[in-house]
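Dropping protein_4.cif in here (mmCIF, C-alpha atoms and all ligand atoms):
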data_entry
#
loop_
_atom_site.label_atom_id
_atom_site.label_comp_id
_atom_site.auth_asym_id
_atom_site.auth_seq_id
_atom_site.Cartn_x
_atom_site.Cartn_y
_atom_site.Cartn_z
CA MET A 1 3.91 -6.91 -4.45
CA ALA A 2 2.62 -3.93 -6.30
CA SER A 3 4.29 -0.59 -6.00
CA ALA A 4 1.97 1.86 -4.33
CA THR A 5 4.13 4.82 -5.20
CA THR A 6 3.30 4.90 -8.88
CA ALA A 7 0.04 4.58 -10.73
CA THR A 8 0.55 0.93 -11.61
CA ALA A 9 -3.03 -0.27 -11.75
CA ASP A 10 -3.71 -2.54 -14.64
CA PRO A 11 -5.75 -0.27 -16.94
CA GLY A 12 -7.73 -3.31 -18.09
CA ASN A 13 -9.84 -3.57 -21.20
CA ALA A 14 -13.42 -4.51 -22.00
CA ASP A 15 -12.79 -8.23 -21.32
CA HIS A 16 -10.49 -7.79 -18.33
CA PRO A 17 -11.49 -4.99 -15.99
CA PRO A 18 -8.62 -3.62 -13.87
CA ARG A 19 -7.68 -5.71 -10.86
CA TYR A 20 -9.47 -4.67 -7.67
CA ARG A 21 -7.46 -2.28 -5.56
CA GLY A 22 -8.77 -0.97 -2.26
CA ARG A 23 -7.25 1.23 0.41
CA PHE A 24 -7.43 2.34 4.01
CA ALA A 25 -6.54 5.99 4.51
CA PRO A 26 -6.34 7.00 8.17
CA SER A 27 -5.49 10.52 9.31
CA PRO A 28 -2.96 10.42 12.17
CA THR A 29 -5.13 12.46 14.50
CA GLY A 30 -5.31 9.60 17.01
CA LEU A 31 -5.04 5.83 17.28
CA LEU A 32 -7.54 3.46 15.68
CA HIS A 33 -10.67 2.86 17.74
CA LEU A 34 -13.33 0.27 17.01
CA GLY A 35 -15.00 2.55 14.43
CA SER A 36 -11.87 3.10 12.36
CA LEU A 37 -10.81 -0.53 12.76
CA PHE A 38 -14.22 -1.55 11.41
CA ALA A 39 -13.59 0.46 8.21
CA ALA A 40 -10.14 -1.11 7.90
CA VAL A 41 -11.45 -4.68 8.35
CA ALA A 42 -14.31 -4.14 5.90
CA SER A 43 -12.13 -2.65 3.18
CA PHE A 44 -9.47 -5.34 3.72
CA LEU A 45 -11.95 -8.21 3.43
CA ARG A 46 -13.60 -6.69 0.37
CA ALA A 47 -10.22 -6.42 -1.36
CA ARG A 48 -9.10 -9.91 -0.36
CA GLU A 49 -12.33 -11.59 -1.45
CA GLN A 50 -11.84 -10.02 -4.91
CA CYS A 51 -8.25 -11.36 -4.90
CA GLY A 52 -7.30 -7.70 -5.05
CA GLU A 53 -4.73 -5.50 -3.41
CA TRP A 54 -5.17 -3.45 -0.28
CA LEU A 55 -3.08 -0.33 0.22
CA VAL A 56 -2.55 1.89 3.23
CA ARG A 57 -2.21 5.64 2.92
CA ILE A 58 -1.44 7.96 5.82
CA GLU A 59 -3.32 11.21 5.30
CA ASP A 60 -0.93 13.49 7.16
CA ILE A 61 -1.61 16.80 5.48
CA ASP A 62 -3.10 18.61 8.45
CA PRO A 63 -0.15 19.10 10.86
CA PRO A 64 -2.09 21.10 13.50
CA ARG A 65 -4.52 18.20 14.01
CA GLU A 66 -1.91 15.45 14.06
CA ILE A 67 -0.69 13.64 17.14
CA ALA A 68 3.04 12.96 17.28
CA GLY A 69 3.77 9.28 16.70
CA ALA A 70 0.20 8.44 15.63
CA SER A 71 1.15 7.37 12.07
CA ASP A 72 3.54 4.70 13.24
CA ALA A 73 1.25 3.66 16.06
CA ILE A 74 -1.62 3.15 13.56
CA LEU A 75 0.61 1.00 11.36
CA ARG A 76 1.55 -1.09 14.41
CA GLN A 77 -2.13 -1.54 15.23
CA LEU A 78 -2.79 -2.72 11.65
CA GLU A 79 0.06 -5.23 11.99
CA GLN A 80 -1.33 -6.47 15.31
CA ALA A 81 -4.69 -6.85 13.58
CA ALA A 82 -3.06 -8.93 10.79
CA LEU A 83 -4.35 -6.37 8.29
CA HIS A 84 -1.32 -6.79 6.06
CA TRP A 85 -1.13 -4.22 3.29
CA ASP A 86 0.40 -4.42 -0.18
CA GLY A 87 3.25 -2.22 -1.34
CA PRO A 88 4.78 0.70 0.50
CA VAL A 89 2.68 2.98 2.68
CA LEU A 90 1.99 6.32 1.00
CA ARG A 91 2.43 9.31 3.31
CA GLN A 92 0.66 12.32 1.88
CA SER A 93 3.04 14.77 3.55
CA GLU A 94 5.70 13.56 1.09
CA HIS A 95 3.60 14.45 -1.96
CA ARG A 96 2.70 18.11 -1.45
CA GLU A 97 4.26 19.24 -4.72
CA ARG A 98 2.20 16.75 -6.70
CA TYR A 99 -0.97 18.09 -5.10
CA ARG A 100 0.21 21.64 -5.79
CA ASP A 101 0.55 20.76 -9.50
CA THR A 102 -2.96 19.31 -9.53
CA ALA A 103 -4.38 22.43 -7.86
CA ALA A 104 -2.53 24.64 -10.37
CA ARG A 105 -4.03 22.65 -13.20
CA LEU A 106 -7.54 23.24 -11.89
CA GLN A 107 -6.81 26.94 -11.51
CA GLN A 108 -5.35 27.20 -15.02
CA GLN A 109 -8.38 25.53 -16.56
CA GLY A 110 -10.61 28.05 -14.79
CA SER A 111 -12.21 25.44 -12.51
CA ALA A 112 -10.75 26.87 -9.30
CA TYR A 113 -10.59 30.39 -7.89
CA ARG A 114 -9.00 32.19 -4.97
CA CYS A 115 -11.15 32.86 -1.91
CA SER A 116 -10.22 34.99 1.10
CA CYS A 117 -13.46 34.56 3.08
CA SER A 118 -13.05 33.82 6.76
CA ARG A 119 -15.05 31.12 8.53
CA ARG A 120 -16.93 33.87 10.33
CA GLN A 121 -17.84 35.65 7.09
CA ILE A 122 -19.14 32.40 5.62
CA ALA A 123 -21.11 31.46 8.74
CA SER A 124 -22.82 34.86 8.93
CA HIS A 125 -23.91 34.79 5.27
CA PRO A 126 -27.68 34.15 4.89
CA ASP A 127 -27.03 31.44 2.26
CA SER A 128 -24.44 29.45 4.18
CA GLY A 129 -26.89 26.79 5.35
CA PRO A 130 -27.11 25.24 8.79
CA ASN A 131 -23.91 25.84 10.87
CA GLY A 132 -22.25 27.68 7.99
CA THR A 133 -21.56 24.39 6.20
CA ARG A 134 -22.34 25.65 2.69
CA TYR A 135 -20.03 28.08 0.92
CA PRO A 136 -22.32 30.77 -0.52
CA GLY A 137 -20.09 31.52 -3.52
CA THR A 138 -18.98 34.98 -2.34
CA CYS A 139 -15.62 35.08 -4.19
CA ARG A 140 -16.69 32.98 -7.17
CA ASP A 141 -17.20 35.76 -9.67
CA ARG A 142 -15.14 38.50 -8.07
CA PRO A 143 -11.67 39.62 -9.12
CA PRO A 144 -9.12 37.46 -7.23
CA PRO A 145 -8.49 38.84 -3.73
CA ALA A 146 -5.21 40.70 -3.31
CA ALA A 147 -4.63 39.06 0.09
CA ALA A 148 -1.55 36.84 0.09
CA ARG A 149 -3.39 34.26 2.19
CA ALA A 150 -6.24 32.86 0.15
CA ALA A 151 -7.77 29.43 -0.26
CA LEU A 152 -8.54 27.84 -3.61
CA ARG A 153 -12.08 26.64 -4.21
CA VAL A 154 -13.41 24.59 -7.07
CA ARG A 155 -16.54 25.70 -8.89
CA SER A 156 -19.51 23.39 -8.35
CA PRO A 157 -21.02 21.79 -11.44
CA ALA A 158 -24.33 23.03 -12.84
CA ALA A 159 -25.71 19.48 -12.98
CA ALA A 160 -26.25 17.07 -10.10
CA VAL A 161 -23.57 14.44 -9.47
CA ILE A 162 -24.75 10.84 -9.44
CA ILE A 163 -23.25 8.52 -6.82
CA ASP A 164 -23.72 4.82 -7.39
CA ASP A 165 -22.77 3.39 -4.01
CA ALA A 166 -22.36 -0.36 -3.63
CA LEU A 167 -23.89 -0.32 -0.14
CA GLN A 168 -26.04 2.82 0.01
CA GLY A 169 -27.57 2.75 -3.47
CA THR A 170 -27.83 5.61 -5.93
CA ALA A 171 -27.93 9.26 -4.92
CA SER A 172 -28.12 12.46 -6.92
CA VAL A 173 -26.32 15.36 -5.24
CA ASP A 174 -26.53 19.06 -6.06
CA ILE A 175 -23.13 20.20 -4.75
CA ASP A 176 -23.91 23.89 -4.99
CA ALA A 177 -27.03 23.45 -2.86
CA THR A 178 -25.30 21.29 -0.24
CA THR A 179 -21.61 22.03 0.37
CA GLY A 180 -21.11 24.76 -2.23
CA ASP A 181 -17.68 25.22 -3.85
CA VAL A 182 -15.25 23.12 -1.81
CA VAL A 183 -11.73 24.10 -0.76
CA ILE A 184 -8.94 22.28 -2.58
CA TRP A 185 -6.03 24.33 -1.24
CA ARG A 186 -6.02 25.87 2.21
CA LYS A 187 -5.18 29.42 3.22
CA GLU A 188 -2.37 28.00 5.34
CA ASP A 189 -0.72 26.91 2.06
CA LEU A 190 -1.61 23.26 2.65
CA PRO A 191 -3.41 20.86 0.29
CA ALA A 192 -7.00 20.24 1.33
CA TYR A 193 -8.39 16.76 1.99
CA HIS A 194 -10.64 16.72 -1.11
CA LEU A 195 -7.77 17.39 -3.49
CA ALA A 196 -5.25 15.01 -1.91
CA VAL A 197 -7.75 12.13 -1.71
CA VAL A 198 -8.81 12.46 -5.33
CA ALA A 199 -5.23 12.86 -6.55
CA ASP A 200 -4.09 9.78 -4.63
CA ASP A 201 -7.04 7.50 -5.32
CA ALA A 202 -6.21 7.97 -9.01
CA TRP A 203 -2.42 7.91 -8.59
CA GLN A 204 -2.60 4.66 -6.63
CA GLY A 205 -5.06 3.12 -9.08
CA ILE A 206 -7.78 2.56 -6.46
CA THR A 207 -10.77 0.82 -8.01
CA GLU A 208 -13.09 0.93 -4.98
CA VAL A 209 -13.20 3.30 -2.01
CA VAL A 210 -14.64 1.65 1.12
CA ARG A 211 -15.07 4.11 3.99
CA GLY A 212 -17.52 5.33 6.62
CA LEU A 213 -20.79 7.01 5.75
CA ASP A 214 -19.59 10.08 7.66
CA LEU A 215 -17.54 10.85 4.54
CA PHE A 216 -20.47 10.49 2.15
CA SER A 217 -20.88 14.26 1.79
CA ALA A 218 -17.34 14.40 0.37
CA THR A 219 -18.11 11.91 -2.38
CA ALA A 220 -19.98 14.16 -4.82
CA PRO A 221 -17.18 16.79 -4.66
CA HIS A 222 -14.67 13.95 -5.22
CA ILE A 223 -16.50 12.66 -8.30
CA HIS A 224 -16.76 16.23 -9.59
CA LEU A 225 -12.98 16.68 -9.20
CA GLN A 226 -12.38 13.35 -10.97
CA HIS A 227 -14.47 14.60 -13.88
CA LEU A 228 -12.62 17.94 -14.03
CA LEU A 229 -9.24 16.20 -13.97
CA ALA A 230 -10.31 13.45 -16.40
CA LEU A 231 -9.52 10.78 -13.79
CA PRO A 232 -11.27 7.43 -13.51
CA VAL A 233 -14.15 7.36 -11.02
CA PRO A 234 -13.61 4.48 -8.57
CA GLY A 235 -16.50 2.52 -7.11
CA TYR A 236 -17.73 3.70 -3.69
CA ALA A 237 -19.03 1.65 -0.77
CA HIS A 238 -19.97 3.65 2.31
CA LEU A 239 -20.17 1.65 5.51
CA PRO A 240 -22.67 2.31 8.29
CA VAL A 241 -21.17 4.44 11.04
CA LEU A 242 -20.52 2.80 14.42
CA VAL A 243 -22.32 4.51 17.27
CA ASN A 244 -22.17 4.04 21.05
CA ALA A 245 -25.14 3.22 23.28
CA GLN A 246 -26.04 6.95 23.31
CA GLY A 247 -26.22 6.94 19.50
CA GLU A 248 -23.06 9.05 19.14
CA LYS A 249 -20.52 8.25 16.40
CA LEU A 250 -17.41 6.58 17.80
CA SER A 251 -14.66 9.16 17.56
CA LYS A 252 -12.02 10.88 19.60
CA GLN A 253 -14.61 13.49 20.57
CA THR A 254 -16.89 10.81 22.04
CA HIS A 255 -13.87 9.27 23.82
CA ALA A 256 -13.79 6.06 21.79
CA ALA A 257 -10.91 4.05 23.27
CA PRO A 258 -7.93 3.12 21.10
CA VAL A 259 -7.75 -0.63 20.42
CA VAL A 260 -4.76 -2.04 22.32
CA ALA A 261 -2.77 -5.13 21.30
CA GLN A 262 -4.22 -7.45 23.97
CA GLU A 263 -7.76 -6.67 22.82
CA MET A 264 -7.11 -6.97 19.10
CA SER A 265 -8.64 -10.44 18.62
CA ALA A 266 -11.78 -9.44 20.49
CA ALA A 267 -12.01 -6.19 18.49
CA ILE A 268 -11.64 -8.03 15.17
CA GLY A 269 -14.35 -10.41 16.35
CA ARG A 270 -16.65 -7.44 17.05
CA CYS A 271 -15.98 -5.99 13.62
CA LEU A 272 -16.78 -9.33 11.96
CA SER A 273 -19.95 -9.63 13.96
CA LEU A 274 -20.96 -6.10 12.86
CA LEU A 275 -20.34 -7.23 9.29
CA GLY A 276 -22.87 -10.00 9.89
CA TRP A 277 -20.42 -12.86 10.56
CA PRO A 278 -20.33 -13.66 14.29
CA VAL A 279 -17.20 -15.62 15.12
CA PRO A 280 -18.14 -19.30 15.61
CA GLY A 281 -17.90 -20.45 19.25
CA GLU A 282 -15.15 -22.97 18.51
CA MET A 283 -12.90 -20.12 17.39
CA ALA A 284 -12.83 -18.50 20.82
CA GLY A 285 -9.29 -17.32 21.51
CA ALA A 286 -8.29 -17.35 17.83
CA ARG A 287 -5.69 -14.87 16.62
CA PRO A 288 -6.62 -11.94 14.34
CA SER A 289 -5.03 -13.66 11.31
CA GLU A 290 -7.11 -16.81 11.94
CA LEU A 291 -10.30 -14.80 12.34
CA LEU A 292 -9.70 -12.86 9.14
CA SER A 293 -8.89 -16.04 7.19
CA ALA A 294 -12.03 -17.73 8.49
CA ALA A 295 -14.15 -14.69 7.53
CA HIS A 296 -12.69 -14.57 4.02
CA GLY A 297 -15.53 -14.78 1.50
CA GLN A 298 -18.15 -15.15 4.28
CA ILE A 299 -19.47 -11.59 4.42
CA ASP A 300 -22.90 -11.07 2.91
CA TRP A 301 -22.58 -7.41 1.95
CA THR A 302 -26.26 -7.19 1.03
CA LYS A 303 -27.01 -7.25 4.78
CA LEU A 304 -25.42 -3.81 5.00
CA HIS A 305 -27.44 -2.33 2.15
CA GLY A 306 -28.98 0.95 3.23
CA ARG A 307 -27.68 0.60 6.81
CA THR A 308 -26.53 3.98 8.08
CA GLN A 309 -25.64 3.11 11.69
CA LEU A 310 -24.59 0.10 13.71
CA THR A 311 -24.43 0.08 17.48
CA GLN A 312 -21.10 -0.88 19.01
CA PRO A 313 -21.41 -4.35 20.56
N1 LIG A 401 -8.38 10.31 6.19
C1 LIG A 401 -9.80 10.21 6.34
C2 LIG A 401 -10.14 9.90 7.78
O1 LIG A 401 -9.30 9.40 8.51
C3 LIG A 401 -10.41 9.14 5.46
C4 LIG A 401 -10.37 9.52 4.04
C5 LIG A 401 -11.06 8.57 3.07
O2 LIG A 401 -11.22 7.37 3.37
O3 LIG A 401 -11.38 9.03 2.00
O4 LIG A 401 -11.26 10.16 8.18
#

Turn the structure described in the file into C-alpha cells.
Amino acid sequence: MASATTATADPGNADHPPRYRGRFAPSPTGLLHLGSLFAAVASFLRAREQCGEWLVRIEDIDPPREIAGASDAILRQLEQAALHWDGPVLRQSEHRERYRDTAARLQQQGSAYRCSCSRRQIASHPDSGPNGTRYPGTCRDRPPPAAARAALRVRSPAAAVIIDDALQGTASVDIDATTGDVVIWRKEDLPAYHLAVVADDAWQGITEVVRGLDLFSATAPHIHLQHLLALPVPGYAHLPVLVNAQGEKLSKQTHAAPVVAQEMSAAIGRCLSLLGWPVPGEMAGARPSELLSAAHGQIDWTKLHGRTQLTQP
C-alpha cells in the first residue's frame, strides 16, 4: 500500500511515466447520493483499469457547511460500495498549516494579494458578471486593506489557460474574464477550496483528476495555481453531471437521496449503466464487489466524450 500522507508518487522518467494515481475527494456536507457515487465509481474504475492507485481525501475545510458525522458515514458508504481505497484517508482539516505555508508563498512571490471586498460589494460592481460570479479586481492594485479580516486572492494570468480534458476535449479559458482573481484564503482565516485541492493533488502525487463537470470552472484556476507553484499539472477528466427527470443536478438542494446500504448494489448497477456498461441480466443480485470486478476494463470512455449531462435512471 502506498502512503497517502507524503508525496510518494513515482516521479517517472521519459520511458516510465509515473504510475497512475486517482482520487475521490468528497466534502462532508452530506452523504453520498447517486451523483457523487457516480463520480466515485468512475474514478475508481479508471484508476483500477490503469493498475493504478485510488486515494480518498475528505475535504473538510469548511466547518460551517459540514454535517456532523458525515465524513465517517461517507467512508462507510464507500466500504459498502466495495470502493476500497489505497493508503490512509487524508483529512484536509489536519493540514491547515501546510496550506497556510503555500498561501504565504504565493503572497511572497507577489502572486496573491489581500482583499476586503464583501460579497455585496462584488455583486453590485458593474463588472462582476452574472450573479456576481466574477471578481472585478477591485483590490488588485490597491494598497493592502488595513482590515484584520481579509481574504487572499491570486492574480489571474494575462494569457488564457489551456485545459486538455480526457472526456470534454480541449478548452481555452480566460480566467480574468470568467471567474476573475480567485480566493485562496478566506476572510474567516480558513484555506479556500482552490488552494487546498491544488496543494493536495500535488502532495498526494495525483496523476489524473476525475470529477463532475460542475467543477470544470475551477480547473483553469487550478492549473494556473499549479503553474505559479511549479507543481505538476495532472490530467483532468470531467464527467457528465447526473440530473433528475426535471433536468436538475442531483444534489442536496434538489433532495437527492443518500444511498443506503441495502440499495448499494442497485446504485452501483445504475452507475455502471450510466458509464455505458449495463449489468448483464445473469448478474442480478450480485454484490457491489462482483459488479465492480465484472466492469473492470469494460468501460468505453469514448462514449462519454463531450457528454455534459446524464439523466438519472
Ligand atoms: N470536494 C469537492 C466536492 O465534494 C470535490 C473536489 C474535487 O474533486 O476537486 O464537490

CA of Gly306 in chain A to CA of Ile162 in chain A: how many Å, to one decimal?
->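 Separation of CA of Gly306 in chain A and CA of Ile162 in chain A: 16.6 Å.
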
What residues have an atom no more than 9 Å from (-0.2, 22.5, 1.5) in the file's own frame, counting only C-alpha atoms, and can you write them as a list in words?
->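 Within the cut-off we find Ile61, Asp62, Ser93, Arg96, Glu97, Tyr99, Arg100, Trp185, Arg186, Lys187, Glu188, Asp189, Leu190, Pro191 and Ala192 of chain A.
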
Please enclose the listed atoms of ligand LIG 401 (chain A) in an axis-aligned box, pad each side by 4 Å, and write out the centre and the three edge lengths in Å, rounded to one decimal, as AutoDock Vina command-line options.
--center_x -9.9 --center_y 8.8 --center_z 5.3 --size_x 11.0 --size_y 10.9 --size_z 14.5

Would you give me, as CSV, each residue of chain A having an atom within 7 Å of an atom of ligand LIG 401 (chain A), along with its shortest atom pair and that distance in Å to one decimal, using only C-alpha atoms and all ligand atoms and sorting by chain and residue number?
residue,atom,partner,partner_atom,distance
A:Phe24,CA,A:LIG401,O2,6.3
A:Ala25,CA,A:LIG401,N1,5.0
A:Pro26,CA,A:LIG401,O1,3.8
A:Ser27,CA,A:LIG401,O1,4.1
A:Glu59,CA,A:LIG401,N1,5.2
A:Val197,CA,A:LIG401,O3,6.0
A:Arg211,CA,A:LIG401,O2,5.1
A:Leu215,CA,A:LIG401,O3,6.9

Point-to-point distance in Å for CA of Val41 in chain A and CA of Val259 in chain A |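 Between CA of Val259 in chain A and CA of Val41 in chain A the gap works out to 13.3 Å.
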
Which one of A:Arg149, A:Lys252, A:Arg155, A:Arg142 sits closest to Leu228 in chain A if you count only C-alpha atoms?
->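 Between A:Arg149, A:Lys252, A:Arg155, A:Arg142, the residue approaching Leu228 in chain A most closely is A:Arg155.
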
How far is it from CA of Leu34 in chain A to CA of Ala267 in chain A, in Å with one decimal?
->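 Spanning CA of Leu34 in chain A to CA of Ala267 in chain A is a straight-line distance of 6.8 Å.
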
Which residue, A:Ser116, A:Gln262, A:Thr29, A:Gln50, has the smallest gap to Asp72 in chain A when you use all atoms listed in the file?
->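 Under the stated criterion, the closest residue is A:Thr29.
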
Determine, counting only C-alpha atoms, which protein, DNA and RNA residues have an atom within 12 Å of an atom of Pro136 in chain A; residues of the same chain fewer than 6 positions away are not included. Present the result as a ChimeraX atom specification.
-> /A:115,117,119,121-130,153,155-156,175-182
